[in-house]
file protein-v8.pdb (PDB, C-alpha atoms, pLDDT in the B column)
ATOM      1  CA  MET W 190      81.460 149.636 107.520  1.00 61.00           C
ATOM      2  CA  ARG W 191      82.612 146.034 107.321  1.00 86.00           C
ATOM      3  CA  VAL W 192      85.432 145.224 109.741  1.00 91.00           C
ATOM      4  CA  ILE W 193      86.933 141.768 109.955  1.00 96.00           C
ATOM      5  CA  LEU W 194      89.156 140.674 112.830  1.00 97.00           C
ATOM      6  CA  ARG W 195      91.493 137.778 112.257  1.00 96.00           C
ATOM      7  CA  LYS W 196      94.253 136.074 114.192  1.00 96.00           C
ATOM      8  CA  GLY W 197      97.710 137.285 113.246  1.00 97.00           C
ATOM      9  CA  THR W 198     100.131 134.605 112.074  1.00 97.00           C
ATOM     10  CA  ASP W 199     103.818 134.301 111.270  1.00 96.00           C
ATOM     11  CA  ALA W 200     102.951 135.460 107.747  1.00 97.00           C
ATOM     12  CA  ASP W 201     101.816 138.781 109.271  1.00 98.00           C
ATOM     13  CA  ALA W 202     105.127 139.418 111.067  1.00 98.00           C
ATOM     14  CA  GLY W 203     106.117 142.268 108.743  1.00 98.00           C
ATOM     15  CA  LEU W 204     102.714 143.915 109.096  1.00 98.00           C
ATOM     16  CA  ILE W 205     102.721 143.546 112.882  1.00 98.00           C
ATOM     17  CA  VAL W 206     106.258 144.962 113.147  1.00 98.00           C
ATOM     18  CA  SER W 207     105.181 147.931 110.995  1.00 98.00           C
ATOM     19  CA  TYR W 208     102.227 148.532 113.333  1.00 98.00           C
ATOM     20  CA  LEU W 209     104.487 148.253 116.380  1.00 98.00           C
ATOM     21  CA  LYS W 210     106.692 150.945 114.848  1.00 98.00           C
ATOM     22  CA  LYS W 211     103.664 153.157 114.111  1.00 98.00           C
ATOM     23  CA  LEU W 212     102.493 152.736 117.695  1.00 97.00           C
ATOM     24  CA  ALA W 213     105.958 153.492 119.061  1.00 97.00           C
ATOM     25  CA  GLU W 214     106.140 156.686 116.992  1.00 97.00           C
ATOM     26  CA  TYR W 215     102.672 157.721 118.167  1.00 95.00           C
ATOM     27  CA  GLU W 216     103.748 157.150 121.772  1.00 95.00           C
ATOM     28  CA  LYS W 217     106.935 159.164 121.181  1.00 95.00           C
ATOM     29  CA  LEU W 218     108.981 156.029 121.832  1.00 95.00           C
ATOM     30  CA  GLY W 219     110.121 155.273 118.292  1.00 96.00           C
ATOM     31  CA  ASP W 220     113.773 155.033 119.278  1.00 96.00           C
ATOM     32  CA  LEU W 221     112.947 152.121 121.608  1.00 96.00           C
ATOM     33  CA  CYS W 222     111.209 149.968 118.990  1.00 97.00           C
ATOM     34  CA  ASN W 223     113.814 147.680 117.459  1.00 97.00           C
ATOM     35  CA  ILE W 224     111.947 144.377 117.223  1.00 98.00           C
ATOM     36  CA  THR W 225     112.623 142.292 114.128  1.00 98.00           C
ATOM     37  CA  GLU W 226     110.274 140.026 112.236  1.00 98.00           C
ATOM     38  CA  GLU W 227     112.340 137.037 113.358  1.00 98.00           C
ATOM     39  CA  THR W 228     112.010 137.977 117.036  1.00 98.00           C
ATOM     40  CA  LEU W 229     108.291 138.583 116.661  1.00 98.00           C
ATOM     41  CA  ILE W 230     107.798 135.182 115.025  1.00 98.00           C
ATOM     42  CA  LYS W 231     109.573 133.525 117.977  1.00 98.00           C
ATOM     43  CA  LEU W 232     107.210 135.336 120.379  1.00 97.00           C
ATOM     44  CA  LEU W 233     104.173 134.261 118.337  1.00 97.00           C
ATOM     45  CA  GLU W 234     105.347 130.637 118.281  1.00 96.00           C
ATOM     46  CA  GLU W 235     106.118 130.336 122.012  1.00 94.00           C
ATOM     47  CA  PRO W 236     103.685 128.281 124.063  1.00 89.00           C
ATOM     48  CA  ASN W 237     101.610 130.833 125.983  1.00 87.00           C
ATOM     49  CA  GLY W 238     103.450 133.523 124.032  1.00 94.00           C
ATOM     50  CA  LEU W 239     102.246 136.589 122.217  1.00 97.00           C
ATOM     51  CA  SER W 240      99.058 136.526 120.141  1.00 98.00           C
ATOM     52  CA  ALA W 241      97.977 139.086 117.584  1.00 98.00           C
ATOM     53  CA  VAL W 242      94.744 140.250 116.016  1.00 98.00           C
ATOM     54  CA  ILE W 243      94.617 142.116 112.706  1.00 98.00           C
ATOM     55  CA  ALA W 244      91.689 144.443 111.974  1.00 98.00           C
ATOM     56  CA  GLU W 245      90.812 144.716 108.295  1.00 97.00           C
ATOM     57  CA  TYR W 246      88.428 146.962 106.428  1.00 93.00           C
ATOM     58  CA  ASP W 247      87.650 145.893 102.856  1.00 89.00           C
ATOM     59  CA  ALA W 248      90.471 143.326 103.152  1.00 90.00           C
ATOM     60  CA  ALA W 249      93.057 146.036 103.961  1.00 95.00           C
ATOM     61  CA  PRO W 250      94.703 146.184 107.392  1.00 98.00           C
ATOM     62  CA  VAL W 251      93.608 149.170 109.497  1.00 98.00           C
ATOM     63  CA  GLY W 252      94.758 148.202 112.996  1.00 98.00           C
ATOM     64  CA  PHE W 253      96.112 145.549 115.282  1.00 98.00           C
ATOM     65  CA  MET W 254      96.170 144.279 118.841  1.00 98.00           C
ATOM     66  CA  THR W 255      98.630 142.046 120.683  1.00 98.00           C
ATOM     67  CA  TYR W 256      97.915 140.206 123.906  1.00 98.00           C
ATOM     68  CA  TYR W 257      99.032 137.405 126.155  1.00 97.00           C
ATOM     69  CA  PHE W 258      97.944 135.628 129.313  1.00 94.00           C
ATOM     70  CA  TYR W 259     100.515 136.676 131.802  1.00 82.00           C
ATOM     71  CA  LYS W 260      99.788 136.108 135.418  1.00 76.00           C
ATOM     72  CA  ILE W 261      97.456 134.472 137.781  1.00 84.00           C
ATOM     73  CA  ALA W 262      95.060 136.458 139.927  1.00 86.00           C
ATOM     74  CA  THR W 263      95.545 134.253 142.977  1.00 89.00           C
ATOM     75  CA  PHE W 264      92.450 135.503 144.797  1.00 91.00           C
ATOM     76  CA  SER W 265      90.265 134.138 141.986  1.00 91.00           C
ATOM     77  CA  GLY W 266      92.615 131.413 140.741  1.00 92.00           C
ATOM     78  CA  LYS W 267      92.240 132.638 137.182  1.00 94.00           C
ATOM     79  CA  ARG W 268      94.589 134.063 134.590  1.00 93.00           C
ATOM     80  CA  VAL W 269      94.675 137.658 133.416  1.00 93.00           C
ATOM     81  CA  MET W 270      94.622 138.608 129.734  1.00 94.00           C
ATOM     82  CA  TYR W 271      96.979 141.507 129.124  1.00 94.00           C
ATOM     83  CA  ILE W 272      96.560 143.696 126.046  1.00 95.00           C
ATOM     84  CA  GLU W 273     100.096 144.778 125.238  1.00 96.00           C
ATOM     85  CA  ASP W 274      99.401 146.857 122.128  1.00 97.00           C
ATOM     86  CA  ILE W 275      96.385 148.240 120.350  1.00 97.00           C
ATOM     87  CA  PHE W 276      96.481 150.668 117.449  1.00 97.00           C
ATOM     88  CA  VAL W 277      94.064 151.834 114.765  1.00 97.00           C
ATOM     89  CA  ASP W 278      95.177 153.887 111.770  1.00 97.00           C
ATOM     90  CA  ASP W 279      94.227 157.565 112.052  1.00 95.00           C
ATOM     91  CA  ALA W 280      91.755 157.467 109.163  1.00 95.00           C
ATOM     92  CA  TYR W 281      89.773 154.680 110.843  1.00 95.00           C
ATOM     93  CA  ARG W 282      89.610 155.986 114.382  1.00 93.00           C
ATOM     94  CA  LYS W 283      86.136 156.742 115.709  1.00 89.00           C
ATOM     95  CA  CYS W 284      84.714 154.102 113.351  1.00 91.00           C
ATOM     96  CA  GLY W 285      84.134 151.495 116.053  1.00 93.00           C
ATOM     97  CA  ILE W 286      87.210 149.392 115.285  1.00 96.00           C
ATOM     98  CA  GLY W 287      88.774 149.825 118.732  1.00 95.00           C
ATOM     99  CA  GLY W 288      85.513 148.847 120.408  1.00 95.00           C
ATOM    100  CA  THR W 289      85.236 145.823 118.130  1.00 96.00           C
ATOM    101  CA  MET W 290      88.759 144.766 119.102  1.00 97.00           C
ATOM    102  CA  PHE W 291      87.955 145.125 122.823  1.00 96.00           C
ATOM    103  CA  ASP W 292      84.744 143.107 122.345  1.00 96.00           C
ATOM    104  CA  PHE W 293      86.862 140.433 120.654  1.00 97.00           C
ATOM    105  CA  ALA W 294      89.402 140.557 123.510  1.00 96.00           C
ATOM    106  CA  THR W 295      86.592 140.154 126.049  1.00 95.00           C
ATOM    107  CA  LYS W 296      85.348 137.093 124.167  1.00 96.00           C
ATOM    108  CA  ILE W 297      88.858 135.577 124.155  1.00 96.00           C
ATOM    109  CA  ALA W 298      89.248 136.300 127.878  1.00 95.00           C
ATOM    110  CA  LEU W 299      85.908 134.640 128.661  1.00 95.00           C
ATOM    111  CA  GLU W 300      86.802 131.602 126.530  1.00 96.00           C
ATOM    112  CA  ASN W 301      90.044 131.289 128.503  1.00 94.00           C
ATOM    113  CA  ASN W 302      88.349 131.706 131.907  1.00 94.00           C
ATOM    114  CA  CYS W 303      90.248 134.905 132.723  1.00 94.00           C
ATOM    115  CA  ALA W 304      89.549 137.051 135.752  1.00 92.00           C
ATOM    116  CA  ARG W 305      89.971 140.274 133.798  1.00 91.00           C
ATOM    117  CA  LEU W 306      91.532 142.193 130.950  1.00 94.00           C
ATOM    118  CA  GLU W 307      94.370 144.584 131.725  1.00 92.00           C
ATOM    119  CA  TRP W 308      96.214 147.203 129.719  1.00 93.00           C
ATOM    120  CA  LYS W 309      98.092 150.438 130.258  1.00 92.00           C
ATOM    121  CA  CYS W 310      97.752 153.908 128.832  1.00 92.00           C
ATOM    122  CA  LEU W 311     100.215 156.771 128.824  1.00 89.00           C
ATOM    123  CA  ASP W 312      99.094 159.602 131.101  1.00 87.00           C
ATOM    124  CA  TRP W 313      99.184 162.184 128.282  1.00 90.00           C
ATOM    125  CA  ASN W 314      97.030 160.145 125.879  1.00 91.00           C
ATOM    126  CA  ILE W 315      93.720 161.801 126.737  1.00 91.00           C
ATOM    127  CA  SER W 316      91.907 160.587 123.603  1.00 92.00           C
ATOM    128  CA  ALA W 317      92.712 156.958 124.472  1.00 92.00           C
ATOM    129  CA  GLN W 318      91.645 157.537 128.090  1.00 90.00           C
ATOM    130  CA  LYS W 319      88.304 158.929 126.897  1.00 93.00           C
ATOM    131  CA  PHE W 320      87.835 155.886 124.660  1.00 93.00           C
ATOM    132  CA  TYR W 321      88.720 153.448 127.468  1.00 92.00           C
ATOM    133  CA  ASN W 322      86.272 155.187 129.802  1.00 91.00           C
ATOM    134  CA  LYS W 323      83.591 155.014 127.108  1.00 93.00           C
ATOM    135  CA  ILE W 324      83.959 151.235 126.711  1.00 93.00           C
ATOM    136  CA  GLY W 325      83.817 150.707 130.481  1.00 91.00           C
ATOM    137  CA  GLY W 326      87.519 150.528 131.299  1.00 92.00           C
ATOM    138  CA  ASN W 327      88.360 151.241 134.919  1.00 88.00           C
ATOM    139  CA  CYS W 328      91.496 153.233 135.615  1.00 87.00           C
ATOM    140  CA  SER W 329      93.201 152.075 138.788  1.00 81.00           C
ATOM    141  CA  LYS W 330      92.845 154.690 141.494  1.00 75.00           C
ATOM    142  CA  ASP W 331      94.083 152.537 144.293  1.00 72.00           C
ATOM    143  CA  GLN W 332      97.343 152.231 146.120  1.00 70.00           C
ATOM    144  CA  TRP W 333      98.971 149.965 143.529  1.00 69.00           C
ATOM    145  CA  LEU W 334     101.846 151.410 141.548  1.00 65.00           C
ATOM    146  CA  THR W 335     103.569 149.729 138.629  1.00 72.00           C
ATOM    147  CA  TYR W 336     107.333 149.433 139.010  1.00 74.00           C
ATOM    148  CA  THR W 337     109.768 148.124 136.450  1.00 68.00           C
ATOM    149  CA  ILE W 338     113.451 147.334 136.211  1.00 70.00           C
ATOM    150  CA  GLU W 339     114.910 147.576 132.730  1.00 69.00           C
ATOM    151  CA  ILE W 340     117.182 144.629 131.968  1.00 61.00           C
TER     152      ILE W 340
END
call {"tool": "encode", "arguments": {"input": "protein-v8.pdb", "output": "structure tokens"}}
result
Amino acid sequence: MRVILRKGTDADAGLIVSYLKKLAEYEKLGDLCNITEETLIKLLEEPNGLSAVIAEYDAAPVGFMTYYFYKIATFSGKRVMYIEDIFVDDAYRKCGIGGTMFDFATKIALENNCARLEWKCLDWNISAQKFYNKIGGNCSKDQWLTYTIEI
């Protein structure tokens, strides 16, 4: 199988929005996904904003990943690369595409002198948890809880 990863650009805004909607539906959060191509382009063009990766198989898109560098791990003095979204089309799961995207993310994080990669997973998504464990992801089992305030 020949998989190519490439940086997503403004020209991919429609494709990325369609993948965001697929991901939202998969996560049972479809009603919350109302991003437009225009808004996505603004996020992609911001300094230190959102970045995207498109996975292609035989020149056809089969998945995507978005990420950004969001905070500083003050103990190490380095940034953290946060993977916001990752999704692979059903027909291409278990073909190594997710692992390839995480390898690519690790390379980007190393190039940017990051302390670590971070991402979240819904507690019911057992298949994703199994995959993350398989690629060496560590699920936080410490005292840290994530809190949010919706604005």
call {"tool": "residues_around", "arguments": {"input": "protein-v8.pdb", "residues": "stretch 219-221 of chain W", "least_positions_apart": "6", "cutoff": "12 Å", "atoms": "all atoms listed in the file", "output": "PDB file with C-alpha atoms, keeping the file's coordinate frame"}}
result
ATOM      1  CA  SER W 207     105.181 147.931 110.995  1.00 98.00           C
ATOM      2  CA  TYR W 208     102.227 148.532 113.333  1.00 98.00           C
ATOM      3  CA  LEU W 209     104.487 148.253 116.380  1.00 98.00           C
ATOM      4  CA  LYS W 210     106.692 150.945 114.848  1.00 98.00           C
ATOM      5  CA  LYS W 211     103.664 153.157 114.111  1.00 98.00           C
ATOM      6  CA  LEU W 212     102.493 152.736 117.695  1.00 97.00           C
ATOM      7  CA  ALA W 213     105.958 153.492 119.061  1.00 97.00           C
TER       8      ALA W 213
END
call {"tool": "residues_around", "arguments": {"input": "protein-v8.pdb", "residues": "W:Asn314", "least_positions_apart": "5", "cutoff": "12 Å", "atoms": "all atoms listed in the file", "output": "compact mmCIF listing (two decimals) with C-alpha atoms, keeping the file's coordinate frame"}}
result
# COMPACT_ATOMS: atom_id res chain seq x y z
CA TYR W 215 102.67 157.72 118.17
CA GLU W 216 103.75 157.15 121.77
CA LYS W 217 106.94 159.16 121.18
CA LYS W 309 98.09 150.44 130.26
CA LYS W 319 88.30 158.93 126.90
CA PHE W 320 87.84 155.89 124.66
CA TYR W 321 88.72 153.45 127.47
call {"tool": "atom_distance", "arguments": {"input": "protein-v8.pdb", "atom1": "atom CA of W:Leu229", "atom2": "atom CA of W:Ala304"}}
result
26.8 Å
call {"tool": "axis_aligned_box", "arguments": {"input": "protein-v8.pdb", "around": "stretch 246-250 of chain W", "padding_each_side": "8 Å", "output": "lines of an AutoDock Vina configuration file"}}
result
center_x = 91.2
center_y = 145.1
center_z = 105.1
size_x = 23.1
size_y = 19.6
size_z = 20.5
call {"tool": "atom_distance", "arguments": {"input": "protein-v8.pdb", "atom1": "atom CA of W:Leu306", "atom2": "atom CA of W:Met270"}}
result
4.9 Å
call {"tool": "residues_around", "arguments": {"input": "protein-v8.pdb", "residues": "W:Asp247", "least_positions_apart": "4", "cutoff": "12 Å", "atoms": "all atoms listed in the file", "output": "PDB file with C-alpha atoms, in the frame of the given file"}}
result
ATOM      1  CA  MET W 190      81.460 149.636 107.520  1.00 61.00           C
ATOM      2  CA  ARG W 191      82.612 146.034 107.321  1.00 86.00           C
ATOM      3  CA  VAL W 192      85.432 145.224 109.741  1.00 91.00           C
ATOM      4  CA  ILE W 193      86.933 141.768 109.955  1.00 96.00           C
ATOM      5  CA  LEU W 194      89.156 140.674 112.830  1.00 97.00           C
ATOM      6  CA  VAL W 251      93.608 149.170 109.497  1.00 98.00           C
TER       7      VAL W 251
END
call {"tool": "atom_distance", "arguments": {"input": "protein-v8.pdb", "atom1": "atom CA of W:Val269", "atom2": "atom CA of W:Glu307"}}
result
7.1 Å
call {"tool": "residues_around", "arguments": {"input": "protein-v8.pdb", "residues": "W:Asn301", "least_positions_apart": "2", "cutoff": "12 Å", "atoms": "all atoms listed in the file", "output": "count of residues only"}}
result
17
call {"tool": "closest_residue", "arguments": {"input": "protein-v8.pdb", "among": "W:Thr289, W:Thr228, W:Ile243, W:Glu235", "to": "W:Gly197", "atoms": "all atoms listed in the file"}}
result
W:Ile243
call {"tool": "closest_residue", "arguments": {"input": "protein-v8.pdb", "among": "W:Lys196, W:Ala248, W:Gly203, W:Thr263", "to": "W:Met290", "atoms": "all atoms listed in the file"}}
result
W:Lys196
call {"tool": "residues_around", "arguments": {"input": "protein-v8.pdb", "residues": "stretch 278-282 of chain W", "least_positions_apart": "2", "cutoff": "7 Å", "atoms": "all atoms listed in the file", "output": "list in words"}}
result
Val251, Gly252, Phe276 and Cys284 of chain W
call {"tool": "closest_residue", "arguments": {"input": "protein-v8.pdb", "among": "W:Gly288, W:Lys323, W:Thr198, W:Val206", "to": "W:Glu234", "atoms": "only C-alpha atoms"}}
result
W:Thr198
call {"tool": "closest_residue", "arguments": {"input": "protein-v8.pdb", "among": "W:Cys328, W:Leu311, W:Ile261, W:Ala202", "to": "W:Val242", "atoms": "only C-alpha atoms"}}
result
W:Ala202
call {"tool": "closest_residue", "arguments": {"input": "protein-v8.pdb", "among": "W:Asn223, W:Thr255, W:Asn322, W:Thr335", "to": "W:Glu273", "atoms": "only C-alpha atoms"}}
result
W:Thr255
call {"tool": "closest_residue", "arguments": {"input": "protein-v8.pdb", "among": "W:Ile324, W:Ala317, W:Leu239, W:Ile286", "to": "W:Asp199", "atoms": "all atoms listed in the file"}}
result
W:Leu239
call {"tool": "decode", "arguments": {"input": "protein-v8.pdb", "residues": "stretch 201-296 of chain W", "atoms": "C-alpha atoms", "output": "compact mmCIF listing (two decimals), in the first residue's frame"}}
result
# COMPACT_ATOMS: atom_id res chain seq x y z
CA ASP W 201 -7.96 21.69 1.12
CA ALA W 202 -10.41 23.62 3.34
CA GLY W 203 -13.47 21.88 1.89
CA LEU W 204 -11.88 18.45 2.29
CA ILE W 205 -10.77 19.18 5.85
CA VAL W 206 -14.22 20.49 6.81
CA SER W 207 -15.78 17.32 5.34
CA TYR W 208 -13.41 15.20 7.44
CA LEU W 209 -14.20 17.26 10.55
CA LYS W 210 -17.88 16.54 9.94
CA LYS W 211 -17.18 12.81 9.46
CA LEU W 212 -15.20 12.77 12.70
CA ALA W 213 -17.93 14.66 14.55
CA GLU W 214 -20.55 12.16 13.35
CA TYR W 215 -18.34 9.24 14.38
CA GLU W 216 -17.94 10.80 17.83
CA LYS W 217 -21.71 11.34 18.07
CA LEU W 218 -21.12 15.09 18.15
CA GLY W 219 -22.33 15.99 14.66
CA ASP W 220 -24.67 18.69 15.93
CA LEU W 221 -21.68 20.58 17.39
CA CYS W 222 -19.66 20.73 14.16
CA ASN W 223 -20.53 23.96 12.39
CA ILE W 224 -17.13 25.16 11.17
CA THR W 225 -17.06 26.79 7.75
CA GLU W 226 -14.34 26.70 5.14
CA GLU W 227 -13.75 30.41 5.70
CA THR W 228 -13.23 29.93 9.45
CA LEU W 229 -10.92 26.98 8.86
CA ILE W 230 -8.82 28.99 6.40
CA LYS W 231 -8.41 31.73 9.03
CA LEU W 232 -7.22 29.11 11.55
CA LEU W 233 -4.76 27.67 9.01
CA GLU W 234 -3.39 31.12 8.19
CA GLU W 235 -2.89 32.29 11.80
CA PRO W 236 0.68 32.46 13.03
CA ASN W 237 1.08 29.42 15.29
CA GLY W 238 -2.42 28.41 14.25
CA LEU W 239 -3.87 25.12 13.12
CA SER W 240 -1.94 22.82 10.78
CA ALA W 241 -3.34 19.91 8.82
CA VAL W 242 -2.03 16.73 7.27
CA ILE W 243 -3.88 14.87 4.51
CA ALA W 244 -3.32 11.13 4.07
CA GLU W 245 -3.71 9.91 0.50
CA TYR W 246 -3.77 6.45 -1.00
CA ASP W 247 -3.37 6.32 -4.78
CA ALA W 248 -3.80 10.12 -4.83
CA ALA W 249 -7.22 9.91 -3.13
CA PRO W 250 -7.73 11.28 0.38
CA VAL W 251 -8.29 8.59 3.02
CA GLY W 252 -7.72 10.48 6.28
CA PHE W 253 -6.53 13.61 7.98
CA MET W 254 -4.94 15.01 11.11
CA THR W 255 -4.95 18.51 12.60
CA TYR W 256 -2.51 19.78 15.19
CA TYR W 257 -1.06 22.86 16.79
CA PHE W 258 1.60 23.83 19.30
CA TYR W 259 -0.38 25.04 22.21
CA LYS W 260 1.37 25.41 25.49
CA ILE W 261 4.68 25.36 27.14
CA ALA W 262 5.73 22.56 29.45
CA THR W 263 7.46 24.87 31.90
CA PHE W 264 9.41 22.12 33.65
CA SER W 265 11.23 21.36 30.39
CA GLY W 266 10.89 24.78 28.76
CA LYS W 267 9.57 23.21 25.59
CA ARG W 268 6.32 23.40 23.67
CA VAL W 269 3.73 20.65 23.42
CA MET W 270 2.31 19.48 20.09
CA TYR W 271 -1.40 18.81 20.44
CA ILE W 272 -3.17 16.55 17.96
CA GLU W 273 -6.67 17.98 17.80
CA ASP W 274 -8.19 15.61 15.24
CA ILE W 275 -7.22 12.39 13.55
CA PHE W 276 -9.49 10.31 11.35
CA VAL W 277 -9.05 7.53 8.80
CA ASP W 278 -11.87 6.39 6.52
CA ASP W 279 -13.39 3.07 7.59
CA ALA W 280 -12.17 1.17 4.53
CA TYR W 281 -8.56 2.13 5.27
CA ARG W 282 -8.42 1.47 8.99
CA LYS W 283 -5.99 -1.23 10.10
CA CYS W 284 -3.84 -0.48 7.04
CA GLY W 285 -1.14 1.39 8.95
CA ILE W 286 -2.30 4.89 8.02
CA GLY W 287 -2.93 6.00 11.60
CA GLY W 288 0.51 4.77 12.65
CA THR W 289 2.07 6.57 9.69
CA MET W 290 0.33 9.79 10.73
CA PHE W 291 1.58 9.43 14.33
CA ASP W 292 5.12 8.75 13.05
CA PHE W 293 4.82 11.94 10.99
CA ALA W 294 3.52 13.86 14.03
CA THR W 295 6.46 12.60 16.10
CA LYS W 296 8.86 13.83 13.41
